[in-house]
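Each remark here refers to the structure printed beneath this line.
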Amino acid sequence: MRTLWGIAAALAAAAVIGAAAQTPPAAATPPAATPPAAAPPAAQPPQRGPVSSALNYVPGVGDLMHLLVQPRHEKLGLAFEEKNWPLAAYAFKELQQALGTVGKVQPKWRNLTVPEMIESMTGEAMRDLDEAIQAKNAKQFAQAYEDLTGGCNSCHTALNHGFIVIKTPEASAFPNQEFKAP
Ligand code: HEC
């Protein structure tokens with residue numbers, strides 16, 4: 001293997017020398033005023049768009065909504081439907097983290113600050129939900145869940161996505177998970 005690599009390196013070097021030999025001498029150029037930029041490119045904020053490798057994949061706001069936020073909003077609703085308070089407490093934490101993740105992965109949407117938008121649209125309802133779950137207060141939960149869902153939709157409307165309408169789940173999208181308390 002070593003020899004093969006050696007040969008490959010020698011061939012590569014020869015190619016470079018050959019290419020240099022073929023290059024006509026550069027016309028006299030005035031000395032560069034600035035040294036050639038050698039600094040690495042500044043870190044870019046995460047963006048959507050074509051990626052060269054799956055490892056560079058950064059989910060966009062829509063991806064994160066679909067992958068993290070929507071199912072957690074649903075599971076919270078389904079747990080409450082069954083008055084399964086321990087599961088509701090868990091689903092609530094997961095939803096809270098999911099909303100946090102959206103803001104961390106995509107801090108900006110167009111020119112808006114995502115974590116601020118999330119807080120202003122859902123913060124109060126989330127705090128009410130937390131309280132309702134701890135108190136096992138079904139009435140307070142039902143109101144707070146409606147407020148949260150309204151917050152999801154207010155943000156969609158504010159960001160020109162009013163056609164994405166969130167509602168209380170009518171059925172489970174997770175047939176392999178039990179939502180009733182064991
Ligand atoms: C920051 C404001 C904001 C809040 C709060 C918000 N969303 Fe979104 N949501 C967006 C934006 C913006 C999009 C569209 C993003 C895109 O496609 O680039 C979106 C898209 C979606 C989508 C469509 C994704 C798809 O691929 O089908 C769903 C579903 C969704 N949101 C669910 C929710 C739920 C559920 C909540 C509340 C728990 C919520 N969103 C709260 C801003 C928000």
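FYI, nothing fancy with the structure tokens labels: chains A, B, ... in order, residues from 1 per chain, ligands from 1 as they appear.
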
| task | Pick out the residues sitting within 7 Å of A:Val61, and hand them over as a PyMOL selection string; count only C-alpha atoms, and ignore anything fewer than 3 positions along from it in its own chain. | result | chain A and resi 64-65+102+106

Write the residues of the selection above to a file with N, CA and C atoms, as a short mmCIF file (atom, residue, chain, number, x, y, z; two decimals), in the first residue's frame.
```cif
data_model
loop_
_atom_site.label_atom_id
_atom_site.label_comp_id
_atom_site.auth_asym_id
_atom_site.auth_seq_id
_atom_site.Cartn_x
_atom_site.Cartn_y
_atom_site.Cartn_z
N LEU A 64 -38.60 21.09 11.57
CA LEU A 64 -38.63 20.95 13.03
C LEU A 64 -40.07 20.96 13.56
N MET A 65 -40.91 21.76 12.92
CA MET A 65 -42.32 21.80 13.30
C MET A 65 -42.94 20.42 13.08
N VAL A 102 -36.32 24.39 18.21
CA VAL A 102 -36.61 25.17 16.99
C VAL A 102 -35.82 26.48 17.05
N GLN A 106 -32.77 27.15 14.53
CA GLN A 106 -33.09 28.21 13.57
C GLN A 106 -33.40 29.48 14.34
#
```

| field | Nearby residues (only C-alpha atoms) at most 10 Å from A:Ala125, same-chain spacing under 4 positions excluded, as a list in words | value |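 In the requested format, the answer is Glu119, Ser120, Met121, Leu129, Asp130, Glu131, Phe141, Gln143, Ala144, Tyr145, Glu146, Asp147, Leu148, Thr149, Gly150 and Gly151 of chain A.
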
Give the strand (DSSP E) residues of stretch 63-115 of chain A, as assigned by DSSP on the backbone, as a compact mmCIF listing (two decimals) with C-alpha atoms, in the first residue's frame.
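Once everything was written out, this is states_8.txt:
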```txt
# COMPACT_ATOMS: atom_id res chain seq x y z
CA LYS A 108 -33.83 33.52 12.75
CA TRP A 109 -36.75 33.12 10.39
CA LEU A 112 -37.40 37.65 12.97
CA THR A 113 -36.00 36.22 16.18
```

| task | Residues within 9 Å of ligand 1, counting only C-alpha atoms and all ligand atoms: report them as a VMD selection string. | result | chain A and resid 48 60 to 74 95 to 96 98 to 99 102 to 103 109 to 110 112 to 123 148 to 161 164 to 167

Residues from the last selection, N, CA and C atoms, saved as a compact mmCIF listing (two decimals), in the first residue's frame:
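Final output, saved to result-v6.txt:
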```
# COMPACT_ATOMS: atom_id res chain seq x y z
N ARG A 48 -31.21 26.56 5.22
CA ARG A 48 -31.80 25.49 4.43
C ARG A 48 -31.20 25.58 3.06
N GLY A 60 -34.89 22.74 8.68
CA GLY A 60 -35.48 24.07 8.65
C GLY A 60 -36.63 24.17 9.66
N VAL A 61 -37.20 25.35 9.79
CA VAL A 61 -38.30 25.54 10.74
C VAL A 61 -39.45 24.58 10.42
N GLY A 62 -39.79 24.45 9.14
CA GLY A 62 -40.88 23.54 8.76
C GLY A 62 -40.57 22.10 9.14
N ASP A 63 -39.32 21.70 8.94
CA ASP A 63 -38.92 20.33 9.31
C ASP A 63 -39.08 20.12 10.80
N LEU A 64 -38.60 21.09 11.57
CA LEU A 64 -38.63 20.95 13.03
C LEU A 64 -40.07 20.96 13.56
N MET A 65 -40.91 21.76 12.92
CA MET A 65 -42.32 21.80 13.30
C MET A 65 -42.94 20.42 13.08
N HIS A 66 -42.68 19.88 11.91
CA HIS A 66 -43.27 18.59 11.52
C HIS A 66 -42.68 17.43 12.34
N LEU A 67 -41.38 17.48 12.56
CA LEU A 67 -40.70 16.35 13.22
C LEU A 67 -40.82 16.38 14.74
N LEU A 68 -40.73 17.56 15.32
CA LEU A 68 -40.66 17.65 16.78
C LEU A 68 -41.91 18.25 17.42
N VAL A 69 -42.35 19.39 16.88
CA VAL A 69 -43.39 20.15 17.56
C VAL A 69 -44.78 19.53 17.37
N GLN A 70 -45.11 19.24 16.12
CA GLN A 70 -46.47 18.72 15.84
C GLN A 70 -46.77 17.42 16.59
N PRO A 71 -45.87 16.41 16.54
CA PRO A 71 -46.21 15.17 17.27
C PRO A 71 -46.28 15.36 18.78
N ARG A 72 -45.45 16.27 19.32
CA ARG A 72 -45.48 16.47 20.77
C ARG A 72 -46.75 17.21 21.19
N HIS A 73 -47.18 18.14 20.35
CA HIS A 73 -48.46 18.83 20.62
C HIS A 73 -49.58 17.79 20.61
N GLU A 74 -49.52 16.88 19.66
CA GLU A 74 -50.55 15.85 19.56
C GLU A 74 -50.52 14.93 20.78
N LEU A 95 -42.54 18.75 24.54
CA LEU A 95 -43.00 19.85 23.67
C LEU A 95 -42.21 21.13 23.98
N GLN A 96 -41.98 21.35 25.27
CA GLN A 96 -41.21 22.53 25.69
C GLN A 96 -39.80 22.47 25.07
N ALA A 98 -38.93 20.74 22.46
CA ALA A 98 -39.03 20.81 20.99
C ALA A 98 -39.09 22.28 20.55
N LEU A 99 -39.90 23.08 21.24
CA LEU A 99 -40.00 24.50 20.89
C LEU A 99 -38.65 25.19 21.11
N VAL A 102 -36.32 24.39 18.21
CA VAL A 102 -36.61 25.17 16.99
C VAL A 102 -35.82 26.48 17.05
N GLY A 103 -35.89 27.16 18.20
CA GLY A 103 -35.22 28.45 18.35
C GLY A 103 -33.70 28.33 18.34
N TRP A 109 -35.88 33.52 11.51
CA TRP A 109 -36.75 33.12 10.39
C TRP A 109 -37.02 34.39 9.61
N ARG A 110 -36.53 34.41 8.35
CA ARG A 110 -36.46 35.68 7.63
C ARG A 110 -35.71 36.64 8.55
N LEU A 112 -36.81 37.67 11.63
CA LEU A 112 -37.40 37.65 12.97
C LEU A 112 -36.62 36.72 13.90
N THR A 113 -36.69 37.04 15.19
CA THR A 113 -36.00 36.22 16.18
C THR A 113 -36.96 35.12 16.63
N VAL A 114 -36.67 33.89 16.24
CA VAL A 114 -37.60 32.78 16.48
C VAL A 114 -37.88 32.55 17.97
N PRO A 115 -36.85 32.47 18.84
CA PRO A 115 -37.19 32.21 20.25
C PRO A 115 -38.12 33.28 20.83
N GLU A 116 -37.94 34.54 20.42
CA GLU A 116 -38.82 35.61 20.92
C GLU A 116 -40.25 35.41 20.43
N MET A 117 -40.38 35.03 19.16
CA MET A 117 -41.71 34.79 18.59
C MET A 117 -42.39 33.65 19.33
N ILE A 118 -41.63 32.58 19.57
CA ILE A 118 -42.20 31.41 20.25
C ILE A 118 -42.66 31.80 21.65
N GLU A 119 -41.82 32.55 22.35
CA GLU A 119 -42.18 32.96 23.71
C GLU A 119 -43.45 33.83 23.68
N SER A 120 -43.48 34.80 22.77
CA SER A 120 -44.62 35.71 22.80
C SER A 120 -45.92 35.00 22.38
N MET A 121 -45.82 34.00 21.53
CA MET A 121 -47.03 33.33 21.05
C MET A 121 -47.49 32.18 21.95
N THR A 122 -46.53 31.51 22.61
CA THR A 122 -46.91 30.30 23.35
C THR A 122 -46.48 30.31 24.82
N GLY A 123 -45.67 31.28 25.22
CA GLY A 123 -45.09 31.27 26.57
C GLY A 123 -46.12 31.17 27.68
N LEU A 148 -52.74 27.40 23.79
CA LEU A 148 -51.49 27.02 23.13
C LEU A 148 -51.72 26.83 21.63
N THR A 149 -52.77 26.08 21.31
CA THR A 149 -53.09 25.80 19.91
C THR A 149 -53.36 27.12 19.17
N GLY A 150 -54.04 28.04 19.85
CA GLY A 150 -54.26 29.36 19.28
C GLY A 150 -52.94 30.09 19.04
N GLY A 151 -51.98 29.90 19.97
CA GLY A 151 -50.66 30.51 19.83
C GLY A 151 -49.91 29.97 18.62
N CYS A 152 -50.00 28.64 18.41
CA CYS A 152 -49.37 28.02 17.22
C CYS A 152 -49.93 28.73 15.98
N ASN A 153 -51.25 28.85 15.94
CA ASN A 153 -51.89 29.41 14.75
C ASN A 153 -51.64 30.91 14.60
N SER A 154 -51.54 31.63 15.72
CA SER A 154 -51.23 33.07 15.62
C SER A 154 -49.87 33.26 14.99
N CYS A 155 -48.92 32.42 15.38
CA CYS A 155 -47.58 32.56 14.81
C CYS A 155 -47.60 32.23 13.32
N HIS A 156 -48.31 31.17 12.97
CA HIS A 156 -48.40 30.82 11.55
C HIS A 156 -49.01 31.97 10.75
N THR A 157 -50.08 32.54 11.29
CA THR A 157 -50.73 33.65 10.59
C THR A 157 -49.78 34.85 10.49
N ALA A 158 -49.11 35.15 11.62
CA ALA A 158 -48.20 36.31 11.63
C ALA A 158 -47.07 36.12 10.63
N LEU A 159 -46.69 34.87 10.40
CA LEU A 159 -45.56 34.61 9.49
C LEU A 159 -46.04 34.13 8.11
N ASN A 160 -47.22 34.55 7.73
CA ASN A 160 -47.77 34.23 6.40
C ASN A 160 -47.95 32.75 6.13
N HIS A 161 -48.21 31.99 7.19
CA HIS A 161 -48.48 30.56 7.02
C HIS A 161 -49.82 30.22 7.67
N ILE A 164 -51.61 26.84 7.69
CA ILE A 164 -51.25 25.70 8.56
C ILE A 164 -52.05 25.88 9.84
N VAL A 165 -53.11 25.12 9.95
CA VAL A 165 -54.04 25.28 11.08
C VAL A 165 -53.92 24.07 12.01
N ILE A 166 -53.53 24.36 13.24
CA ILE A 166 -53.37 23.31 14.25
C ILE A 166 -54.67 23.22 15.04
N LYS A 167 -55.03 22.00 15.40
CA LYS A 167 -56.25 21.81 16.22
C LYS A 167 -56.02 20.69 17.22
```

| request: If you run DSSP over the backbone, which residues in stretch 34-151 of chain A end up alpha helix (DSSP H)? Put them as a PyMOL selection string. | output: chain A and resi 61-64+70-81+85-105+114-135+138-151

| field | Shortest interatomic distance to A:Glu82 - which of A:Phe174, A:Phe179, A:Tyr57, A:Phe163, counting only C-alpha atoms | value |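 When distances to A:Glu82 are compared using only C-alpha atoms, the smallest one comes from A:Phe179.
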